[in-house]
Amino acid sequence: MATAPDGFEGMATMINTHISNGLKFKNPKIQKFELESGLLKLKTYFQKINR
């Protein structure tokens with residue numbers, strides 16, 4: 001059985017929070033900021049685990 005890399009669940013929760021926050025707001029600028037923040041954290045996380 002495969003296990004998720006260290007910190008994966010916390011990272012998934014944080015990204016899910018950003019996406020949920022983005023969907024809550026009606027302001028497109030806030031939505032864009034939340035989605036970009038989530039994607040940036042995901043990119044950083046993958047760079048960390050691929051070293």
# chains A, B, ... in the order shown; residues from 1 in each chain; ligands from 1

call {"tool": "residues_around", "arguments": {"residues": "segment 19-22 of chain A", "least_positions_apart": "3", "cutoff": "8 Å", "atoms": "only C-alpha atoms", "output": "JSON, numbers by chain"}}
result
{"A": [15, 16, 25, 30, 31, 32, 33, 34, 35, 38]}

call {"tool": "atom_distance", "arguments": {"atom1": "atom CA of Phe8 of chain A", "atom2": "atom CA of Ser37 of chain A"}}
result
16.6 Å

call {"tool": "residues_around", "arguments": {"residues": "Phe46 of chain A", "least_positions_apart": "4", "cutoff": "12 Å", "atoms": "only C-alpha atoms", "output": "list in words"}}
result
Pro5, Asp6, Gly7, Phe8, Met11, Ala12, Leu39, Leu40, Lys41, Leu42, Asn50 and Arg51 of chain A

call {"tool": "write_last_selection", "arguments": {"atoms": "N, CA, C and O atoms", "output": "short mmCIF file (atom, residue, chain, number, x, y, z; two decimals), in the first residue's frame"}}
result
data_model
loop_
_atom_site.label_atom_id
_atom_site.label_comp_id
_atom_site.auth_asym_id
_atom_site.auth_seq_id
_atom_site.Cartn_x
_atom_site.Cartn_y
_atom_site.Cartn_z
N PRO A 5 3.58 11.18 0.66
CA PRO A 5 4.82 11.78 1.18
C PRO A 5 4.55 12.61 2.43
O PRO A 5 3.42 13.03 2.66
N ASP A 6 5.57 12.84 3.23
CA ASP A 6 5.43 13.65 4.44
C ASP A 6 4.79 14.99 4.14
O ASP A 6 5.17 15.67 3.18
N GLY A 7 3.84 15.37 4.96
CA GLY A 7 3.22 16.68 4.83
C GLY A 7 2.15 16.76 3.76
O GLY A 7 1.55 17.81 3.56
N PHE A 8 1.88 15.67 3.07
CA PHE A 8 0.93 15.73 1.95
C PHE A 8 -0.48 16.08 2.41
O PHE A 8 -1.14 16.91 1.80
N MET A 11 -0.70 19.70 3.31
CA MET A 11 -0.62 20.50 2.09
C MET A 11 -1.95 20.46 1.35
O MET A 11 -2.45 21.48 0.90
N ALA A 12 -2.54 19.27 1.23
CA ALA A 12 -3.82 19.13 0.53
C ALA A 12 -4.90 19.94 1.24
O ALA A 12 -5.71 20.60 0.59
N LEU A 39 -1.92 27.28 -5.76
CA LEU A 39 -1.07 26.66 -6.79
C LEU A 39 0.41 26.88 -6.50
O LEU A 39 1.23 25.99 -6.72
N LEU A 40 0.75 28.06 -6.00
CA LEU A 40 2.14 28.36 -5.67
C LEU A 40 2.63 27.44 -4.55
O LEU A 40 3.74 26.90 -4.61
N LYS A 41 1.79 27.21 -3.55
CA LYS A 41 2.16 26.31 -2.46
C LYS A 41 2.31 24.88 -2.96
O LYS A 41 3.21 24.17 -2.53
N LEU A 42 1.45 24.48 -3.88
CA LEU A 42 1.53 23.14 -4.45
C LEU A 42 2.85 22.98 -5.22
O LEU A 42 3.55 21.98 -5.06
N ASN A 50 10.63 16.47 -4.54
CA ASN A 50 11.33 15.89 -5.69
C ASN A 50 12.84 16.07 -5.62
O ASN A 50 13.56 15.77 -6.57
N ARG A 51 13.36 16.55 -4.49
CA ARG A 51 14.81 16.75 -4.36
C ARG A 51 15.49 15.47 -4.00
O ARG A 51 15.02 14.60 -3.39
#

call {"tool": "select_by_dssp", "arguments": {"residues": "chain A", "states": "alpha helix (DSSP H)", "output": "ChimeraX atom specification"}}
result
/A:8-24,28-49
